[in-house]
$ cat start-v1.txt   # compact mmCIF, C-alpha atoms and all ligand atoms
# COMPACT_ATOMS: atom_id res chain seq x y z
CA MET A 1 112.30 108.28 91.97
CA ARG A 2 108.91 109.45 93.21
CA ASP A 3 106.06 106.99 92.96
CA PRO A 4 103.06 108.86 91.46
CA ARG A 5 100.71 106.57 93.42
CA ILE A 6 102.25 107.77 96.68
CA GLU A 7 102.19 111.40 95.58
CA ARG A 8 98.48 111.16 94.78
CA LEU A 9 97.75 109.54 98.14
CA ARG A 10 99.73 112.26 99.90
CA ARG A 11 97.59 114.92 98.21
CA LEU A 12 94.35 113.13 99.08
CA VAL A 13 94.85 112.68 102.83
CA ARG A 14 93.25 115.80 104.30
CA ASP A 15 94.36 117.59 107.46
CA VAL A 16 91.45 118.65 109.65
CA ALA A 17 92.54 121.10 112.34
CA ASP A 18 91.27 120.77 115.92
CA PHE A 19 89.42 117.47 115.45
CA PRO A 20 88.31 115.67 117.57
CA LYS A 21 89.65 118.22 120.06
CA PRO A 22 91.64 121.45 120.01
CA GLY A 23 95.30 120.99 119.12
CA ILE A 24 94.84 117.69 117.24
CA THR A 25 95.34 117.66 113.46
CA PHE A 26 93.20 114.78 112.25
CA LYS A 27 94.35 112.87 109.17
CA ASP A 28 91.14 112.34 107.19
CA ILE A 29 91.45 109.42 104.78
CA THR A 30 87.92 109.67 103.33
CA PRO A 31 89.10 111.52 100.16
CA VAL A 32 91.25 108.43 99.43
CA LEU A 33 88.15 106.25 99.70
CA GLY A 34 86.36 108.62 97.33
CA GLU A 35 88.76 107.86 94.48
CA PRO A 36 88.62 104.17 93.61
CA GLY A 37 92.01 104.21 91.84
CA ALA A 38 93.69 105.80 94.84
CA PHE A 39 92.04 103.40 97.28
CA ARG A 40 93.23 100.51 95.11
CA ASP A 41 96.78 101.97 95.16
CA ALA A 42 96.63 102.33 98.95
CA ILE A 43 95.74 98.66 99.35
CA ASP A 44 98.42 97.54 96.86
CA LEU A 45 101.08 99.67 98.57
CA MET A 46 100.10 98.46 102.05
CA ALA A 47 100.33 94.84 100.86
CA GLU A 48 103.59 95.13 98.86
CA PRO A 49 106.13 94.97 101.74
CA PHE A 50 104.57 91.69 102.91
CA ALA A 51 103.91 90.17 99.48
CA GLN A 52 106.47 87.40 100.01
CA GLU A 53 105.05 86.39 103.40
CA ARG A 54 102.45 83.80 104.20
CA ILE A 55 99.70 85.71 106.01
CA ASP A 56 97.00 83.59 107.66
CA ALA A 57 95.06 86.45 109.22
CA VAL A 58 94.79 90.21 108.96
CA LEU A 59 94.06 91.93 112.29
CA ALA A 60 92.09 95.11 111.74
CA VAL A 61 91.58 97.70 114.46
CA GLU A 62 88.23 99.44 114.87
CA SER A 63 87.10 101.32 112.99
CA ARG A 64 89.06 102.74 110.06
CA GLY A 65 91.33 99.73 110.24
CA PHE A 66 88.37 97.65 109.02
CA ILE A 67 88.24 99.70 105.80
CA PHE A 68 91.83 98.81 104.91
CA GLY A 69 91.92 95.42 106.61
CA ALA A 70 89.07 93.87 104.64
CA PRO A 71 90.55 94.31 101.14
CA LEU A 72 94.00 93.37 102.46
CA ALA A 73 92.62 90.13 103.91
CA LEU A 74 91.12 89.31 100.50
CA ALA A 75 94.42 90.21 98.77
CA PHE A 76 96.35 87.83 101.06
CA LYS A 77 93.61 85.18 100.94
CA ALA A 78 93.69 85.49 104.71
CA ALA A 79 91.12 85.58 107.48
CA LEU A 80 89.93 88.99 108.66
CA VAL A 81 90.01 89.37 112.45
CA PRO A 82 88.26 92.45 113.85
CA ILE A 83 89.69 94.03 116.99
CA ARG A 84 87.16 96.20 118.77
CA LYS A 85 86.53 98.41 121.75
CA PRO A 86 85.09 96.55 124.78
CA GLY A 87 81.53 95.29 124.59
CA LYS A 88 81.19 95.31 120.79
CA LEU A 89 82.07 91.73 119.88
CA PRO A 90 79.23 89.26 120.49
CA TYR A 91 81.08 86.03 121.36
CA ARG A 92 83.59 85.26 124.15
CA THR A 93 86.52 87.67 124.04
CA ARG A 94 90.05 88.28 125.26
CA ARG A 95 90.87 91.77 126.39
CA VAL A 96 94.00 93.85 126.68
CA ALA A 97 94.18 97.20 128.51
CA TYR A 98 96.63 99.91 127.49
CA GLN A 99 97.66 103.37 128.61
CA LEU A 100 96.67 106.54 126.80
CA GLU A 101 98.26 109.93 127.38
CA TYR A 102 95.50 110.55 129.92
CA GLY A 103 93.82 107.42 131.28
CA SER A 104 93.54 103.98 129.72
CA ASP A 105 91.59 102.06 127.11
CA ALA A 106 91.06 98.45 126.12
CA LEU A 107 90.69 96.31 123.00
CA GLU A 108 89.01 92.95 122.53
CA MET A 109 89.25 90.06 120.10
CA HIS A 110 87.16 86.90 119.88
CA GLN A 111 88.95 84.17 121.80
CA ASP A 112 88.70 81.71 118.89
CA ALA A 113 89.73 84.22 116.20
CA LEU A 114 93.33 83.03 115.85
CA LEU A 115 94.86 79.58 115.79
CA HIS A 116 98.08 78.99 117.72
CA GLY A 117 100.99 79.72 115.37
CA ALA A 118 98.91 81.71 112.88
CA LYS A 119 100.94 84.28 110.98
CA VAL A 120 99.23 87.63 111.22
CA LEU A 121 99.52 91.11 109.79
CA LEU A 122 98.18 94.07 111.77
CA VAL A 123 96.49 96.83 109.75
CA ASP A 124 95.29 100.34 110.59
CA ASP A 125 94.95 103.65 108.77
CA VAL A 126 97.11 105.86 110.99
CA LEU A 127 100.02 105.03 113.28
CA ALA A 128 100.24 107.76 115.94
CA THR A 129 101.83 106.90 119.32
CA GLY A 130 101.68 103.18 118.55
CA GLY A 131 99.78 102.38 121.74
CA THR A 132 96.79 100.91 119.90
CA ALA A 133 98.95 98.82 117.58
CA GLN A 134 101.08 97.58 120.47
CA ALA A 135 97.96 96.49 122.35
CA ALA A 136 96.54 94.70 119.29
CA ILE A 137 99.87 92.89 118.79
CA ARG A 138 99.82 91.84 122.45
CA LEU A 139 96.31 90.41 122.03
CA ALA A 140 97.42 88.34 119.04
CA GLU A 141 100.64 87.14 120.67
CA GLU A 142 98.89 86.19 123.89
CA GLN A 143 96.72 83.95 121.73
CA GLY A 144 99.85 82.24 120.37
CA ALA A 145 99.88 83.96 116.98
CA GLN A 146 103.04 85.13 115.25
CA VAL A 147 102.87 88.79 114.24
CA ILE A 148 104.72 89.11 110.92
CA GLY A 149 104.40 92.89 110.91
CA ALA A 150 102.14 95.91 110.81
CA SER A 151 101.02 97.94 107.80
CA PHE A 152 99.67 101.50 107.94
CA LEU A 153 98.64 104.03 105.32
CA LEU A 154 100.21 106.85 107.30
CA SER A 155 102.62 107.34 110.18
CA LEU A 156 102.78 110.50 112.28
CA ASP A 157 106.54 110.14 112.71
CA PHE A 158 106.87 112.82 115.38
CA LEU A 159 104.84 110.62 117.76
CA GLN A 160 107.41 107.82 117.35
CA GLY A 161 104.99 104.95 116.86
CA VAL A 162 107.46 103.10 114.64
CA GLU A 163 109.98 103.18 117.50
CA LYS A 164 107.38 101.83 119.91
CA LEU A 165 106.77 98.88 117.57
CA ALA A 166 110.50 98.39 117.04
CA SER A 167 110.41 94.67 117.77
CA HIS A 168 108.10 94.20 114.75
CA ARG A 169 108.41 95.02 111.10
CA THR A 170 106.42 98.17 110.37
CA ALA A 171 105.49 99.51 106.92
CA CYS A 172 103.93 102.94 106.26
CA VAL A 173 102.98 104.19 102.79
CA LEU A 174 103.08 107.85 103.88
CA ARG A 175 105.08 109.56 106.64
CA THR A 176 104.63 113.01 108.06
P1 LIG B 1 97.86 105.55 118.60
O1 LIG B 1 97.44 104.48 119.55
O2 LIG B 1 98.29 106.81 119.29
O3 LIG B 1 98.93 105.06 117.62
O4 LIG B 1 96.59 105.98 117.76
C1 LIG B 1 96.23 105.25 116.70
C2 LIG B 1 94.73 105.22 116.49
O5 LIG B 1 94.10 106.48 116.62
C3 LIG B 1 94.48 104.76 115.10
O6 LIG B 1 93.38 103.85 115.12
C4 LIG B 1 94.18 106.01 114.33
O7 LIG B 1 93.15 105.79 113.42
C5 LIG B 1 93.77 107.03 115.36
N1 LIG B 1 94.50 108.31 115.26
C6 LIG B 1 95.38 108.80 116.15
N2 LIG B 1 95.80 110.01 115.81
C7 LIG B 1 95.18 110.32 114.66
C8 LIG B 1 95.21 111.46 113.77
N3 LIG B 1 95.96 112.54 114.03
N4 LIG B 1 94.45 111.41 112.67
C9 LIG B 1 93.69 110.33 112.40
N5 LIG B 1 93.61 109.24 113.19
C10 LIG B 1 94.35 109.23 114.31
$ encode --input "start-v1.txt" --output "structure tokens"
Amino acid sequence: MRDPRIERLRRLVRDVADFPKPGITFKDITPVLGEPGAFRDAIDLMAEPFAQERIDAVLAVESRGFIFGAPLALAFKAALVPIRKPGKLPYRTRRVAYQLEYGSDALEMHQDALLHGAKVLLVDDVLATGGTAQAAIRLAEEQGAQVIGASFLLSLDFLQGVEKLASHRTACVLRT
């Protein structure tokens, strides 16, 4: 049976052709944010698969991950841990570098953000190739945390991000 919450979210995510560069179809989630009921549903649906888990910290990836990560951290009564591009976090950081299709990038997390053994949930808006999520998971695991899973509003299934994260439980509200 179709969940009307999911159908509404599917209608609200807007495709923007050729952004940020030609050939890319950008999944714009701002119409979801513009409807409080739909945003609420998105948060509930992203939390549901992990509702039985103890979550100590929600890892949120810059920058749209922050939008979904903050309410999820409150829902789980968990810490919110921001993961950012290099040079943005003010205190001492740990860094992980990862490969992009062309070139490489890096992510940072404060070195005291996670306690050893903390159970964490990774959150972002869109799962594409999975490279970003994989790097964020590596950062958390190198700090001794246990990654319970990853929750996304939307997966671009043709880019096989879920397969890349196969060693972790992945939940996506919408799939295209
Ligand atoms: P990836 O590392 O390939 O899984 O890319 C994931 C990151 O890039 C996420 O933080 C997404 O917000 C963003 N992203 C990648 N592709 C898209 C897309 N087509 N539409 C919106 N965001 C995207």
$ residues_near_ligand --input "start-v1.txt" --ligand "ligand LIG 1 (chain B)" --cutoff "7 Å" --atoms "only C-alpha atoms and all ligand atoms" --output "PyMOL selection string"
chain A and resi 24-28+61-62+64-65+124-133+161
$ residues_around --input "start-v1.txt" --residues "A:Gln143" --least-positions-apart "3" --cutoff "9 Å" --atoms "all atoms listed in the file" --output "number ranges by chain"
A: 94, 111-117, 138-140
$ residues_around --input "start-v1.txt" --residues "A:Glu141" --least-positions-apart "2" --cutoff "12 Å" --atoms "only C-alpha atoms" --output "PyMOL selection string"
chain A and resi 59+94+96+109+114-122+134-139+143-149+168
$ residues_around --input "start-v1.txt" --residues "A:Ala38" --least-positions-apart "3" --cutoff "10 Å" --atoms "only C-alpha atoms" --output "PDB file with C-alpha atoms, keeping the file's coordinate frame"
ATOM      1  CA  ARG A   5     100.710 106.570  93.420  1.00  0.00           C
ATOM      2  CA  ILE A   6     102.250 107.770  96.680  1.00  0.00           C
ATOM      3  CA  ARG A   8      98.480 111.160  94.780  1.00  0.00           C
ATOM      4  CA  LEU A   9      97.750 109.540  98.140  1.00  0.00           C
ATOM      5  CA  LEU A  12      94.350 113.130  99.080  1.00  0.00           C
ATOM      6  CA  PRO A  31      89.100 111.520 100.160  1.00  0.00           C
ATOM      7  CA  VAL A  32      91.250 108.430  99.430  1.00  0.00           C
ATOM      8  CA  LEU A  33      88.150 106.250  99.700  1.00  0.00           C
ATOM      9  CA  GLY A  34      86.360 108.620  97.330  1.00  0.00           C
ATOM     10  CA  GLU A  35      88.760 107.860  94.480  1.00  0.00           C
ATOM     11  CA  ASP A  41      96.780 101.970  95.160  1.00  0.00           C
ATOM     12  CA  ALA A  42      96.630 102.330  98.950  1.00  0.00           C
ATOM     13  CA  ILE A  43      95.740  98.660  99.350  1.00  0.00           C
ATOM     14  CA  ASP A  44      98.420  97.540  96.860  1.00  0.00           C
TER      15      ASP A  44
END
$ atom_distance --input "start-v1.txt" --atom1 "atom CA of A:Ser151" --atom2 "atom CA of A:Pro86"
23.3 Å
$ closest_residue --input "start-v1.txt" --among "A:Thr170, A:Thr176, A:Thr93, A:Gln99" --to "A:Ala47" --atoms "all atoms listed in the file"
A:Thr170
$ decode --input "start-v1.txt" --residues "stretch 51-75 of chain A" --atoms "N, CA and C atoms" --output "short mmCIF file (atom, residue, chain, number, x, y, z; two decimals), in the first residue's frame"
data_model
loop_
_atom_site.label_atom_id
_atom_site.label_comp_id
_atom_site.auth_asym_id
_atom_site.auth_seq_id
_atom_site.Cartn_x
_atom_site.Cartn_y
_atom_site.Cartn_z
N ALA A 51 14.32 3.41 14.77
CA ALA A 51 13.60 3.78 15.99
C ALA A 51 13.91 2.86 17.17
N GLN A 52 14.26 1.62 16.88
CA GLN A 52 14.55 0.67 17.96
C GLN A 52 16.00 0.72 18.44
N GLU A 53 16.81 1.51 17.76
CA GLU A 53 18.25 1.56 18.08
C GLU A 53 18.54 2.64 19.11
N ARG A 54 19.60 2.40 19.87
CA ARG A 54 20.13 3.49 20.70
C ARG A 54 21.08 4.29 19.81
N ILE A 55 20.80 5.56 19.63
CA ILE A 55 21.68 6.42 18.82
C ILE A 55 22.26 7.47 19.76
N ASP A 56 23.58 7.49 19.89
CA ASP A 56 24.24 8.48 20.75
C ASP A 56 24.54 9.77 20.00
N ALA A 57 24.79 9.64 18.69
CA ALA A 57 25.16 10.83 17.93
C ALA A 57 24.67 10.71 16.49
N VAL A 58 24.21 11.82 15.95
CA VAL A 58 23.85 11.90 14.54
C VAL A 58 24.96 12.66 13.84
N LEU A 59 25.56 12.03 12.82
CA LEU A 59 26.59 12.69 12.01
C LEU A 59 25.91 13.33 10.83
N ALA A 60 26.09 14.63 10.66
CA ALA A 60 25.43 15.32 9.57
C ALA A 60 26.47 15.94 8.65
N VAL A 61 26.32 15.68 7.34
CA VAL A 61 27.31 16.14 6.38
C VAL A 61 26.91 17.49 5.79
N GLU A 62 27.87 18.41 5.81
CA GLU A 62 27.66 19.74 5.20
C GLU A 62 27.12 19.60 3.79
N SER A 63 26.19 20.47 3.37
CA SER A 63 25.50 21.39 4.24
C SER A 63 24.03 21.02 4.38
N ARG A 64 23.46 20.37 3.36
CA ARG A 64 22.04 20.01 3.50
C ARG A 64 21.83 18.90 4.51
N GLY A 65 22.87 18.16 4.80
CA GLY A 65 22.76 17.15 5.86
C GLY A 65 22.46 17.78 7.21
N PHE A 66 22.92 19.02 7.41
CA PHE A 66 22.64 19.71 8.69
C PHE A 66 21.14 19.91 8.88
N ILE A 67 20.44 20.20 7.76
CA ILE A 67 19.01 20.52 7.82
C ILE A 67 18.23 19.32 8.35
N PHE A 68 18.62 18.13 7.89
CA PHE A 68 17.92 16.91 8.31
C PHE A 68 18.53 16.35 9.58
N GLY A 69 19.82 16.54 9.75
CA GLY A 69 20.51 15.98 10.92
C GLY A 69 20.08 16.61 12.23
N ALA A 70 19.83 17.93 12.22
CA ALA A 70 19.50 18.60 13.49
C ALA A 70 18.19 18.09 14.08
N PRO A 71 17.08 18.06 13.32
CA PRO A 71 15.85 17.53 13.92
C PRO A 71 15.95 16.04 14.24
N LEU A 72 16.74 15.29 13.45
CA LEU A 72 16.89 13.86 13.78
C LEU A 72 17.65 13.68 15.09
N ALA A 73 18.66 14.51 15.32
CA ALA A 73 19.40 14.42 16.58
C ALA A 73 18.45 14.69 17.75
N LEU A 74 17.59 15.69 17.61
CA LEU A 74 16.63 15.98 18.68
C LEU A 74 15.67 14.81 18.86
N ALA A 75 15.22 14.22 17.74
CA ALA A 75 14.27 13.09 17.82
C ALA A 75 14.88 11.91 18.55
#
